[in-house]
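Quick notes on the structure that follows.
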There are 4 protein chains.
Amino acid sequence: MLSEPLAATDPELQHCYSNVRQRTLELIKGFSVEDMMLQSMPDASPTKWHLAHTSWFFETFILKPHAVNYRVFNDSYEYLFNSYYDSVGERHPRPNRGLLSRPSLDDILAYRHHVDTAMQALLSRPSAGAVADIAVIGLHHEMQHQELMLTDIKHALAQNPVAMSCPALNPRDTLLQETHNPPAQNAPHYLPPFTTFAEGIYKIGAQSAGFSYDCERPSHRVFCEAFALANRPVNNAEWLGFVRDGGYRDPSLWLSDGWSRCQAERWHAPLYWQEHNGSWYELRLDGYHPLELNAPVCHISYYEADAFARWSGCRLPTEFELEVASSDSTIEGNFADSGHWHPRPSDDSKTLQQLYGDVWEWSSSSYSPYPGFNPEQGALGEYNGKFMANQYVLRGGSCATALAQMRPSYRNFFYPHQRWQFSGLRLAQ
Amino acid sequence: MLSEPLAATDPELQHCYSNVRQRTLELIKGFSVEDMMLQSMPDASPTKWHLAHTSWFFETFILKPHAVNYRVFNDSYEYLFNSYYDSVGERHPRPNRGLLSRPSLDDILAYRHHVDTAMQALLSRPSAGAVADIAVIGLHHEMQHQELMLTDIKHALAQNPVAMSCPALNPRDTLLQETHNPPAQNAPHYLPPFTTFAEGIYKIGAQSAGFSYDCERPSHRVFCEAFALANRPVNNAEWLGFVRDGGYRDPSLWLSDGWSRCQAERWHAPLYWQEHNGSWYELRLDGYHPLELNAPVCHISYYEADAFARWSGCRLPTEFELEVASSDSTIEGNFADSGHWHPRPSDDSKTLQQLYGDVWEWSSSSYSPYPGFNPEQGALGEYNGKFMANQYVLRGGSCATALAQMRPSYRNFFYPHQRWQFSGLRLAQ
Amino acid sequence: MLSEPLAATDPELQHCYSNVRQRTLELIKGFSVEDMMLQSMPDASPTKWHLAHTSWFFETFILKPHAVNYRVFNDSYEYLFNSYYDSVGERHPRPNRGLLSRPSLDDILAYRHHVDTAMQALLSRPSAGAVADIAVIGLHHEMQHQELMLTDIKHALAQNPVAMSCPALNPRDTLLQETHNPPAQNAPHYLPPFTTFAEGIYKIGAQSAGFSYDCERPSHRVFCEAFALANRPVNNAEWLGFVRDGGYRDPSLWLSDGWSRCQAERWHAPLYWQEHNGSWYELRLDGYHPLELNAPVCHISYYEADAFARWSGCRLPTEFELEVASSDSTIEGNFADSGHWHPRPSDDSKTLQQLYGDVWEWSSSSYSPYPGFNPEQGALGEYNGKFMANQYVLRGGSCATALAQMRPSYRNFFYPHQRWQFSGLRLAQ
Amino acid sequence: MLSEPLAATDPELQHCYSNVRQRTLELIKGFSVEDMMLQSMPDASPTKWHLAHTSWFFETFILKPHAVNYRVFNDSYEYLFNSYYDSVGERHPRPNRGLLSRPSLDDILAYRHHVDTAMQALLSRPSAGAVADIAVIGLHHEMQHQELMLTDIKHALAQNPVAMSCPALNPRDTLLQETHNPPAQNAPHYLPPFTTFAEGIYKIGAQSAGFSYDCERPSHRVFCEAFALANRPVNNAEWLGFVRDGGYRDPSLWLSDGWSRCQAERWHAPLYWQEHNGSWYELRLDGYHPLELNAPVCHISYYEADAFARWSGCRLPTEFELEVASSDSTIEGNFADSGHWHPRPSDDSKTLQQLYGDVWEWSSSSYSPYPGFNPEQGALGEYNGKFMANQYVLRGGSCATALAQMRPSYRNFFYPHQRWQFSGLRLAQ
């Protein structure tokens with residue numbers, strides 16, 4: 001498994017390719033053919049579709065234009081597995097991805113194999129350097145989809161009243177009844193210690209020679225006033241305090257759009273929290289567990305994060321503040337590589353921690369172009385730039401992110417109402 | 001395979017049970033596990049769900065109340081596979097039936113086996129007579145779902161741009177390109193001969209001792225003015241004439257609600273018709289075929305049937321007229337038993353024909369209770385009665401109906417906008 | 001005011017014309033210019049629009065084709081005030097009728113005057129006979145809109161939290177607070193006496209030479225089994241019994257579509273009923289009043305009527321049964337002519353009563369063509385026929401209907417979920 | 001009429017109050033009672049509602065809490081005319097504002113008079129200083145609503161097929177037919193000259209003692225890279241070039257959300273543009289006029305502005321860049337005070353112009369809190385802060401803005417799909 005950031009200059013690109021592609025297949029070991037068909041909302045995709053689309057990416061952007069004598073696996077796949085690239089052409093409507101019983105999973109695994117064979121042949125040639133940059137984007141793209149495969153199937157199985165756990169991993173359908181020791185759930189309303197940062201002009205964005213997406217560039221200067229960041233993300237105990245204090249019922253804490261959403265969708269706790277006989281449980285990828293009080297809260301929207309911050313008397317940090325803080329930290333933490341796939345408790349004896357891994361942290365920054373932003377050439381220019389409206393930046397990676405993806409300048413982005421990612425928050429002042 | 005109407009007095013009930021249940025499994029031989037997950041609209045259900053629900057019916061209405069020591073297969077199935085019986089309890093939301101990757105198909109086949117074993121044991125006992133009536137309803141219910149399994153999967157595969165045929169049977173993905181001899185498609189606007197019936201008071205409804213649903217009872221008298229019925233259903237050639245004459249663009253031919261629907265859903269031909277290079281094709285369960293001009297048109301809504309009738313200068317028959325006409329006919333024709341699963345051409349040399357099989361014929365009669373209607377006792381009272389609003393009666397069975405289901409008094413019913421059944425029409429004057 | 005049915009052979013057609021048109025203007029005396037702009041739902045129209053459309057009817061179907069040298073008042077009105085006549089041409093979208101601040105009310109009153117002047121001139125000519133039939137339809141049409149003007153403005157003002165009464169008549173904004181003596185509201189569950197009718201073939205439909213709409217014709221024979229009709233409509237006391245017995249919470253009483261609607265719109269009582277400190281009030285056109293227990297219930301949908309009938313162990317009558325019963329009754333009762341505009345109490349000492357006036361009575365009959373139905377020629381053929389789907393027939397007229405409209409064969413029709421008319425029910429057995 | 005920015009320290013507060021309130025009434029001189037009822041979409045409000053709500057503001061935030069012995073005009077108005085202040089209490093649903101025929105316009109004018117009398121009495125007291133701050137907010141609030149009154153009624157009348165002009169001002173219903181000289185509409189694709197600004201840390205936000213909203217504070221430092229701004233807004237000729245070059249049909253120019261909106265609403269030109277016989281017209285408040293080619297384009301969404309900028313090879317400026325540029329300009333231009341209410345042509349001989357007035361200029365900045373943002377105390381804290389999500393900042397005021405409202409730090413904000421304001425753009429590099 002990769003543990004280092006991956007870049008086009010990597011002498012081991014072929015090896016990396018194998019690793020990343022293989023890891024995707026390892027992820028699905030516990031899923032049934034039927035599980036891999038599920039699409040529980042337009043935002044999410046079936047596992048099967050992820051498996052095909054990530055192969056489509058290499059076929060479309062590398063093999064078709066660059067591999068001599070490459071035989072297209074199936075002409076219809078260009079249409080079926082295009083996600084959102086208008087430059088490539090028409091595509092199957094996103095909400096109908098779950099209706100593709102054909103091609104079968106076997107067809108799609110054969111497609112992966114076909115693409116991998118052609119890719120390995122191409123990468124082994126002396127001329128491989130010409131496609132290395134795109135290949136690396138394709139691997140980072142694949143790692144992003146690995147994360148989505150986990151969050152999407154979690155959402156899908158959560159819709160099933162009898163598949164409250166992911167039984168392939170550890171079936172515990174009746175867990176709610178079996179929990180004998182509900183934890184004491186006191187929710188003291190205190191704030192963790194903060195670490196302060198001086199005002200100044202900071203360098204923001206991708207600065208090294210390593211891989212970065214176009215949206216992280218160019219590196220540029222931003223003036224930040226002095227600020228302070230909490231030493232750890234907000235945890236479940238604190239969030240329980242917010243719940244119990246009526247946080248979900250008090251419009252004065254919420255952004256106007258957030259309050260409308262909160263009422264329309266009847267939010268009363270993070271996604272996947274469930275109350276049972278006075279105790280709270282949360283869904284993990286292996287089923288329901290008692291809420292772990294000192295672990296970072298996750299599966300919250302930007303609106304909830306913002307309301308919590310207001311309730312606590314603090315605010316959300318900007319993406320720049322988060323980048324400044326994490327630039328000096330070692331990139332390590334609870335990433336997907338561990339296979340735990342759920343946030344781990346904080347250690348209150350430590351200083352600034354968990355800036356990487358565990359939960360994506362909502363920033364208060366709208367996802368927008370950096371000064372001088374220059375999208376990739378061609379269809380890959382659609383990768384990031386066209387989403388720069390109405391979304392907010394999240395930083396730091398989660399327990400479902402591959403470590404190899406991470407770097408201080410990484411900008412993830414989602415709409416402010418979305419909750420199915422491992423998204424949490426860290427307070428700022 | 002059953003070829004006779006099935007009734008509770010049948011001395012061979014155990015044998016019938018085996019036959020009907022076995023036939024359901026024969027239907028799915030060509031489907032993949034993934035096909036059986038598909039739910040393409042709330043009106044339709046996944047094959048897998050049909051397999052489970054038909055077993056649920058026997059478990060709920062016979063085994064649980066009547067079989068001593070019956071072990072429930074899985075407690076959650078009562079909730080998951082209840083279709084619409086409020087008296088039985090809460091149920092899984094209909095639009096989400098496609099999200100049940102679990103229980104797996106294997107689980108559901110085991111469920112069928114479990115129920116069948118218990119049913120056979122029960123039916124072999126001397127006391128079996130006590131449940132025979134409900135068992136027969138259960139078998140008729142199962143045959144209804146066999147028809148839905150065919151129409152539902154046809155609809156689901158039709159949504160898939162690359163599964164234009166049902167490949168398990170006869171994959172022909174590229175059929176449209178391969179058709180070399182598009183037929184001459186003249187659409188002469190003539191009417192077939194009509195058969196006349198005298199005015200009088202007719203007996204309507206189930207009159208024999210054989211099986212019937214509650215909605216076919218009681219037998220009662222209806223006065224009909226003299227009428228005439230076309231000797232055969234409207235065929236594709238005639239419908240093509242309607243299309244080419246602008247039938248789908250002229251509001252004066254349509255009911256107001258029909259015209260709204262026609263515009264909103266951009267109807268321009270029957271469901272599953274497709275034009276390609278000036279020739280028309282229609283989707284069958286084994287893929288696209290050139291339109292067979294002298295076969296009955298199918299997959300039309302009540303609104304379309306009514307508009308066509310107005311265009312032709314005729315009208316739709318009432319359900320009473322259709323029952324009067326078919327009462328004297330032998331119950332034979334192109335039923336599901338043949339495995340052809342598509343309407344067969346008419347024979348214009350014949351008199352009154354195809355009153356049974358080929359296509360369900362829309363009547364102009366709203367589905368409503370007969371005078372003195374008395375629903376079944378208990379939850380089975382929800383089987384028919386509560387749907388007696390906003391739906392129209394269809395008569396005669398189709399190429400996807402089991403012959404054993406058919407009788408002159410049989411009332412099928414659908415909403416006037418629905419088109420995914422094998423529904424056609426016969427003109428009246 | 002007219003008190004006799006109006007027909008084309010009426011020697012006093014000019015006089016009738018004046019009367020009916022004048023009555024429309026009398027209705028609006030209490031409305032403000034602003035009230036007359038209101039459109040509270042697509043089903044309803046602004047008063048102003050009714051005033052214009054009824055004039056449009058005479059202009060379009062009589063003056064334009066038949067009046068020599070007629071000067072069209074304003075070319076744009078053909079588009080603006082066409083209700084649903086596709087044959088006449090395009091039209092302003094129904095849901096946007098409330099956005100027509102222009103033409104102003106003054107313009108529309110001038111339009112009425114312009115049309116009236118031309119109509120009177122035309123009707124005074126020897127050749128008037130040629131248009132008499134259409135003129136009579138126009139007057140009946142106008143009377144239908146008079147009823148809609150009352151029910152539509154009632155609905156519109158009911159949306160206004162401070163216009164709970166129709167202040168032009170009798171402003172009582174604070175009535176709810178002022179009611180000092182809430183009535184005892186016992187809801188004994190008993191049934192009124194029934195009157196029986198013998199089985200037989202009955203003549204149904206318009207039989208006299210007088211006016212009738214095309215949908216009432218031709219007269220034809222219908223066989224009815226013996227039946228019995230309640231001597232009076234269901235009253236508020238009985239309905240209160242239904243409410244208190246959980247009628248709105250028990251799906252077993254409801255049609256499936258009705259139950260969906262009941263839950264989606266959170267019905268818990270008839271439209272316009274309101275509970276306040278344990279007493280029930282109902283909105284009339286002059287504000288809220290304590291519920292009058294022995295008056296017919298009104299503002300109920302077909303679904304509610306059907307559920308009540310099931311709860312009571314009875315059923316709804318067919319439209320034929322209602323016509324048979326009312327054919328022998330004198331056409332008199334509480335009609336719009338009285339200006340009371342609300343149902344009046346029944347008199348339990350009387351036999352069969354209130355078959356005319358007070359409330360429209362839902363029949364169990366789907367609105368469908370009579371055998372041999374022949375729509376009017378031309379655009380007027382759209383008046384009735386194209387609505388013959390998904391609607392149910394109501395009989396007998398209401399407290400908002402003009403007496404002159406009424407006759408035994410009159411068929412009113414609405415969708416089964418609609419409640420804003422003065423609709424009630426009478427039980428049958 | 002006010003021509004100077006208005007602040008609480010203004011010695012002439014009473015005089016200003018009269019002026020601003022009086023100006024509101026002058027605006028409606030051309031509107032009919034019926035026009036003032038119109039609500040054409042939930043985003044817009046009826047004129048009548050604006051008249052009441054602006055009075056409600058003074059009553060709620062000044063008279064009720066601060067005026068001794070103040071008699072509330074009508075208790076129900078607190079509910080009816082609350083716009084969005086959750087702290088004040090429940091409110092009438094926004095989409096139903098057009099259903100309030102009562103209170104009448106006369107009632108509302110009496111309400112205004114009542115509030116004005118009480119306000120003048122209060123402001124004339126020695127203690128007036130205590131409410132001066134809120135009174136000034138109220139006057140700025142009223143000026144904002146004056147602008148909305150113009151844009152809302154323009155939108156409402158534009159829905160009316162026969163009120164294509166605002167006839168009270170200058171009725172020209174048939175203007176489209178009367179235009180004899182359609183202008184030559186060449187759309188040379190050139191860029192106007194740009195003015196450059198040096199990189200540096202700039203002071204942003206309200207810095208003087210004058211009035212400002214909370215969202216303009218606190219003043220803080222922002223680092224800007226060097227940038228250049230076009231000397232004038234994009235004009236209609238340039239926009240016509242974009243239209244003719246297929247700008248509305250090329251997804252590669254658009255943000256993803258923008259493209260979805262463009263397709264869903266079938267945008268093909270700015271709101272209110274109409275093509276007729278090959279010439280383009282635009283709706284002004286006095287009717288349709290031939291497009292004035294060298295005037296700033298208006299009624300465009302953020303999405304369109306952003307697509308145009310991409311097409312032109314430039315970008316939208318940030319709100320900081322616009323503030324930097326306008327800080328040195330004199331605050332003068334084509335404001336609502338002139339009564340022209342439409343953008344005026346640019347003068348290409350001039351340097352940096354029209355930074356104030358004519359059209360609001362979309363910035364690329366998401367509307368978000370400044371560092372250290374501190375909302376107003378109490379309910380007025382809801383004025384701005386809770387809208388800081390999903391909206392974009394516009395700068396500079398428009399031809400419908402009162403001059404007295406304007407200052408360099410003023411931040412207007414709308415959703416990126418909204419087009420009914422006088423919104424345009426200026427290019428940056």
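By convention here, the chains of the structure tokens are called A, B, ... in the order presented, each chain's residues are numbered starting at 1, and ligands are numbered starting at 1 in the order presented.
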request  = Give me every strand (DSSP E or B) residue in range 164-309 of chain A, going by DSSP on the backbone, as a ChimeraX atom specification.
outcome  = /A:194-197,200-204,220-224,227-230,235,273-276,279-284,287-290,296
Please produce a file of the residues just selected, as a JSON list (two decimals), in the first residue's frame, where the atoms kept are C-alpha atoms.
```json
[["chain", "number", "residue", "atom", "x", "y", "z"],
["A", 194, "PHE", "CA", -6.20, 26.57, 21.23],
["A", 195, "THR", "CA", -2.93, 27.18, 19.45],
["A", 196, "THR", "CA", -2.29, 30.71, 18.23],
["A", 197, "PHE", "CA", -0.78, 31.93, 14.99],
["A", 200, "GLY", "CA", 1.16, 37.97, 8.46],
["A", 201, "ILE", "CA", 1.35, 37.29, 4.77],
["A", 202, "TYR", "CA", 1.41, 33.54, 4.21],
["A", 203, "LYS", "CA", 2.25, 31.52, 1.18],
["A", 204, "ILE", "CA", -0.78, 29.47, 0.20],
["A", 220, "HIS", "CA", 0.22, 32.93, -3.84],
["A", 221, "ARG", "CA", 0.25, 35.25, -0.85],
["A", 222, "VAL", "CA", -2.62, 35.74, 1.57],
["A", 223, "PHE", "CA", -2.74, 38.10, 4.51],
["A", 224, "CYS", "CA", -4.15, 36.51, 7.63],
["A", 227, "PHE", "CA", -5.82, 33.54, 14.71],
["A", 228, "ALA", "CA", -6.11, 30.56, 16.98],
["A", 229, "LEU", "CA", -7.10, 27.00, 16.17],
["A", 230, "ALA", "CA", -8.45, 24.38, 18.55],
["A", 235, "ASN", "CA", -15.78, 15.67, 19.38],
["A", 273, "TRP", "CA", -26.62, 9.00, 14.65],
["A", 274, "GLN", "CA", -29.47, 7.08, 16.18],
["A", 275, "GLU", "CA", -30.99, 7.25, 19.63],
["A", 276, "HIS", "CA", -32.12, 4.05, 21.27],
["A", 279, "SER", "CA", -28.33, 6.15, 24.37],
["A", 280, "TRP", "CA", -26.82, 7.35, 21.15],
["A", 281, "TYR", "CA", -25.30, 5.09, 18.51],
["A", 282, "GLU", "CA", -23.57, 5.87, 15.29],
["A", 283, "LEU", "CA", -23.27, 3.86, 12.13],
["A", 284, "ARG", "CA", -19.81, 2.79, 11.12],
["A", 287, "GLY", "CA", -22.51, -1.54, 11.88],
["A", 288, "TYR", "CA", -23.90, 0.49, 14.75],
["A", 289, "HIS", "CA", -21.70, 1.28, 17.71],
["A", 290, "PRO", "CA", -22.21, 3.28, 20.87],
["A", 296, "PRO", "CA", -14.23, 13.67, 16.31]]
```
Could you make a table, as a tab-separated table, of the residues of chain C that have an atom within 8 Å of an atom of chain D, each with its nearest atom pair and distance in Å to one decimal, counting only C-alpha atoms, in chain and number order?
```
residue	atom	partner	partner_atom	distance
C:Val33	CA	D:Glu34	CA	7.1
C:Glu34	CA	D:Ser101	CA	4.9
C:Asp35	CA	D:Ser101	CA	5.1
C:Met37	CA	D:Glu34	CA	7.0
C:Leu38	CA	D:Leu99	CA	6.1
C:Gln39	CA	D:Leu99	CA	7.4
C:Ser40	CA	D:Leu99	CA	6.8
C:Ser76	CA	D:Val162	CA	7.1
C:Gly98	CA	D:Leu38	CA	7.9
C:Leu99	CA	D:Leu38	CA	6.1
C:Leu100	CA	D:Asn160	CA	6.2
C:Ser101	CA	D:Glu34	CA	5.0
C:Arg102	CA	D:Ala163	CA	6.5
C:Pro103	CA	D:Val162	CA	7.9
C:Ser104	CA	D:Glu34	CA	7.2
C:Ala156	CA	D:Leu99	CA	7.3
C:Gln159	CA	D:Leu99	CA	7.4
C:Asn160	CA	D:Leu100	CA	6.2
C:Val162	CA	D:Ser76	CA	7.1
C:Ala163	CA	D:Arg102	CA	6.5
```
Put those residues in a file: C-alpha atoms, as an mmCIF file, in the first residue's frame.
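Now in selection19.cif:
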```
data_model
loop_
_atom_site.group_PDB
_atom_site.id
_atom_site.type_symbol
_atom_site.label_atom_id
_atom_site.label_comp_id
_atom_site.auth_asym_id
_atom_site.auth_seq_id
_atom_site.Cartn_x
_atom_site.Cartn_y
_atom_site.Cartn_z
ATOM 1 C CA VAL C 33 -60.551 45.504 -6.248
ATOM 2 C CA GLU C 34 -57.755 43.710 -4.434
ATOM 3 C CA ASP C 35 -59.932 40.730 -3.462
ATOM 4 C CA MET C 37 -57.145 39.785 -8.008
ATOM 5 C CA LEU C 38 -56.677 36.729 -5.800
ATOM 6 C CA GLN C 39 -55.825 33.304 -7.136
ATOM 7 C CA SER C 40 -55.091 30.973 -4.254
ATOM 8 C CA SER C 76 -55.460 40.244 -26.589
ATOM 9 C CA GLY C 98 -53.657 35.972 -10.691
ATOM 10 C CA LEU C 99 -50.800 37.906 -12.295
ATOM 11 C CA LEU C 100 -53.026 39.943 -14.580
ATOM 12 C CA SER C 101 -53.109 43.319 -12.914
ATOM 13 C CA ARG C 102 -53.775 44.567 -16.408
ATOM 14 C CA PRO C 103 -56.319 44.764 -17.913
ATOM 15 C CA SER C 104 -57.700 46.519 -14.859
ATOM 16 C CA ALA C 156 -58.728 32.766 -1.391
ATOM 17 C CA GLN C 159 -55.681 31.687 3.031
ATOM 18 C CA ASN C 160 -55.446 35.109 4.599
ATOM 19 C CA VAL C 162 -56.575 38.163 8.952
ATOM 20 C CA ALA C 163 -59.451 37.904 6.494
#
```
task = Write out as an MDAnalysis selection string each polymer residue whose atoms come within 9 Å of Leu355 in chain B, counting only C-alpha atoms; drop sequence neighbours fewer than 3 positions from it.
result = chainID B and resid 231:233 322 325:326 329 331:333 352 358:361 395:397 426
Could you save those same residues with C-alpha atoms as a tab-separated table (two decimals), in the first residue's frame?
```tsv
chain	number	residue	atom	x	y	z
B	231	ASN	CA	-63.62	-8.56	-34.65
B	232	ARG	CA	-60.06	-8.03	-33.52
B	233	PRO	CA	-57.96	-5.56	-31.54
B	322	LEU	CA	-66.43	-6.97	-23.42
B	325	ALA	CA	-68.82	-10.78	-25.98
B	326	SER	CA	-66.23	-13.01	-24.37
B	329	SER	CA	-65.83	-17.62	-26.47
B	331	ILE	CA	-60.78	-19.36	-23.33
B	332	GLU	CA	-57.78	-19.88	-25.52
B	333	GLY	CA	-55.21	-17.75	-27.21
B	352	LEU	CA	-64.51	-12.31	-33.40
B	358	ASP	CA	-52.38	-11.16	-26.73
B	359	VAL	CA	-53.31	-7.79	-25.19
B	360	TRP	CA	-55.37	-6.54	-22.30
B	361	GLU	CA	-58.14	-4.45	-23.77
B	395	ARG	CA	-60.32	-7.32	-19.98
B	396	GLY	CA	-59.16	-10.53	-21.60
B	397	GLY	CA	-55.59	-11.18	-20.51
B	426	ARG	CA	-60.70	-3.11	-29.41
```
Determine, counting only C-alpha atoms, which protein, DNA and RNA residues have an atom within 7 Å of an atom of range 250-262 of chain D; residues of the same chain fewer than 6 positions away are not included. Present the result as a short mmCIF file (atom, residue, chain, number, x, y, z; two decimals) with all heavy atoms, in the first residue's frame.
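The resulting selection23.cif:
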```cif
data_model
loop_
_atom_site.label_atom_id
_atom_site.label_comp_id
_atom_site.auth_asym_id
_atom_site.auth_seq_id
_atom_site.Cartn_x
_atom_site.Cartn_y
_atom_site.Cartn_z
N ASP A 86 -18.06 17.28 -20.19
CA ASP A 86 -18.79 17.72 -21.37
C ASP A 86 -17.92 17.66 -22.62
O ASP A 86 -18.41 17.40 -23.72
CB ASP A 86 -19.29 19.16 -21.18
CG ASP A 86 -20.42 19.25 -20.18
OD1 ASP A 86 -21.40 18.50 -20.33
OD2 ASP A 86 -20.33 20.06 -19.25
N LYS A 386 -14.77 23.85 -12.85
CA LYS A 386 -16.17 24.17 -13.08
C LYS A 386 -17.05 23.97 -11.85
O LYS A 386 -18.24 24.27 -11.88
CB LYS A 386 -16.71 23.38 -14.28
CG LYS A 386 -16.95 21.92 -14.07
CD LYS A 386 -17.50 21.32 -15.39
CE LYS A 386 -17.85 19.86 -15.26
NZ LYS A 386 -18.30 19.30 -16.55
N PHE A 387 -16.46 23.48 -10.79
CA PHE A 387 -17.23 23.30 -9.56
C PHE A 387 -17.03 24.45 -8.57
O PHE A 387 -17.47 24.35 -7.42
CB PHE A 387 -16.87 21.97 -8.92
CG PHE A 387 -17.15 20.82 -9.83
CD1 PHE A 387 -16.14 20.09 -10.43
CD2 PHE A 387 -18.46 20.50 -10.16
CE1 PHE A 387 -16.41 19.05 -11.31
CE2 PHE A 387 -18.75 19.46 -11.04
CZ PHE A 387 -17.73 18.74 -11.62
N MET A 388 -16.38 25.51 -9.03
CA MET A 388 -16.05 26.59 -8.11
C MET A 388 -17.21 27.56 -7.90
O MET A 388 -17.12 28.76 -8.19
CB MET A 388 -14.80 27.31 -8.59
CG MET A 388 -13.55 26.43 -8.41
SD MET A 388 -12.07 27.22 -9.05
CE MET A 388 -10.80 26.03 -8.55
N TYR D 303 -23.74 33.43 -12.86
CA TYR D 303 -23.28 32.37 -13.76
C TYR D 303 -23.00 32.91 -15.16
O TYR D 303 -22.02 32.52 -15.80
CB TYR D 303 -24.33 31.26 -13.85
CG TYR D 303 -24.56 30.51 -12.55
CD1 TYR D 303 -25.85 30.27 -12.08
CD2 TYR D 303 -23.49 30.02 -11.80
CE1 TYR D 303 -26.06 29.56 -10.91
CE2 TYR D 303 -23.71 29.32 -10.62
CZ TYR D 303 -25.00 29.09 -10.18
OH TYR D 303 -25.21 28.39 -9.02
N ALA D 307 -19.41 33.16 -17.05
CA ALA D 307 -19.21 32.53 -18.37
C ALA D 307 -18.69 33.55 -19.38
O ALA D 307 -17.80 33.26 -20.18
CB ALA D 307 -20.51 31.89 -18.85
N ARG D 310 -15.03 34.23 -18.79
CA ARG D 310 -14.19 33.15 -19.29
C ARG D 310 -14.08 33.22 -20.82
O ARG D 310 -13.02 33.06 -21.40
CB ARG D 310 -14.77 31.80 -18.85
CG ARG D 310 -13.83 30.62 -19.10
CD ARG D 310 -14.29 29.37 -18.34
NE ARG D 310 -14.16 29.56 -16.90
CZ ARG D 310 -15.19 29.69 -16.06
NH1 ARG D 310 -16.42 29.59 -16.51
NH2 ARG D 310 -14.95 29.89 -14.78
N TRP D 311 -15.23 33.49 -21.46
CA TRP D 311 -15.24 33.60 -22.92
C TRP D 311 -14.31 34.71 -23.40
O TRP D 311 -13.64 34.59 -24.42
CB TRP D 311 -16.69 33.87 -23.35
CG TRP D 311 -16.90 34.18 -24.80
CD1 TRP D 311 -16.89 33.30 -25.84
CD2 TRP D 311 -17.18 35.47 -25.35
NE1 TRP D 311 -17.15 33.96 -27.01
CE2 TRP D 311 -17.33 35.29 -26.75
CE3 TRP D 311 -17.32 36.75 -24.82
CZ2 TRP D 311 -17.62 36.35 -27.61
CZ3 TRP D 311 -17.61 37.80 -25.67
CH2 TRP D 311 -17.75 37.60 -27.05
#
```
task = Per DSSP on the backbone, filter range 264-324 of chain B down to the residues in helix (DSSP H, G or I) and report them as a list in words.
result = Ala264, Tyr302, Tyr303, Glu304, Ala305, Asp306, Ala307, Phe308, Ala309, Arg310, Trp311, Ser312, Glu319, Phe320, Glu321, Leu322, Glu323 and Val324 of chain B
ask   = Within 6 Å of range 362-375 of chain A, counting only C-alpha atoms, which residues qualify if same-chain residues fewer than 3 places away don't, as a list in words?
value = Asp214, Leu316, Pro317, Thr318, Glu319, Gly381, Met388, Gln391, Tyr392, Val393, Leu394 and Leu425 of chain A
task = Excluding range 47-49 of chain C and residues on its chain fewer than 2 positions from it, collect all residues at most 6 Å away from it, counting only C-alpha atoms, and give them as a VMD selection string.
result = chain C and resid 36 51 to 53 149
inquiry  = Applying 8 Å and only C-alpha atoms, which residues near Arg91 in chain A remain after dropping the ones on its own chain fewer than 6 positions away? List them as a ChimeraX atom specification.
reply    = /A:78-84
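Rounded to one decimal, CA of Gln421 in chain A and CA of Gly138 in chain A lie 21.4 Å from each other.
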note = Separating CA of Thr351 in chain D from CA of Pro192 in chain D, to the nearest tenth of an Å, is a gap of 9.9 Å
request  = Choose the residue, out of D:Phe58, D:Ser409, D:Leu63, D:Ala309, that has the smallest atom-to-atom separation from Asp328 in chain D; count only C-alpha atoms.
outcome  =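 Of the candidates, the smallest distance to Asp328 in chain D is held by D:Ser409.
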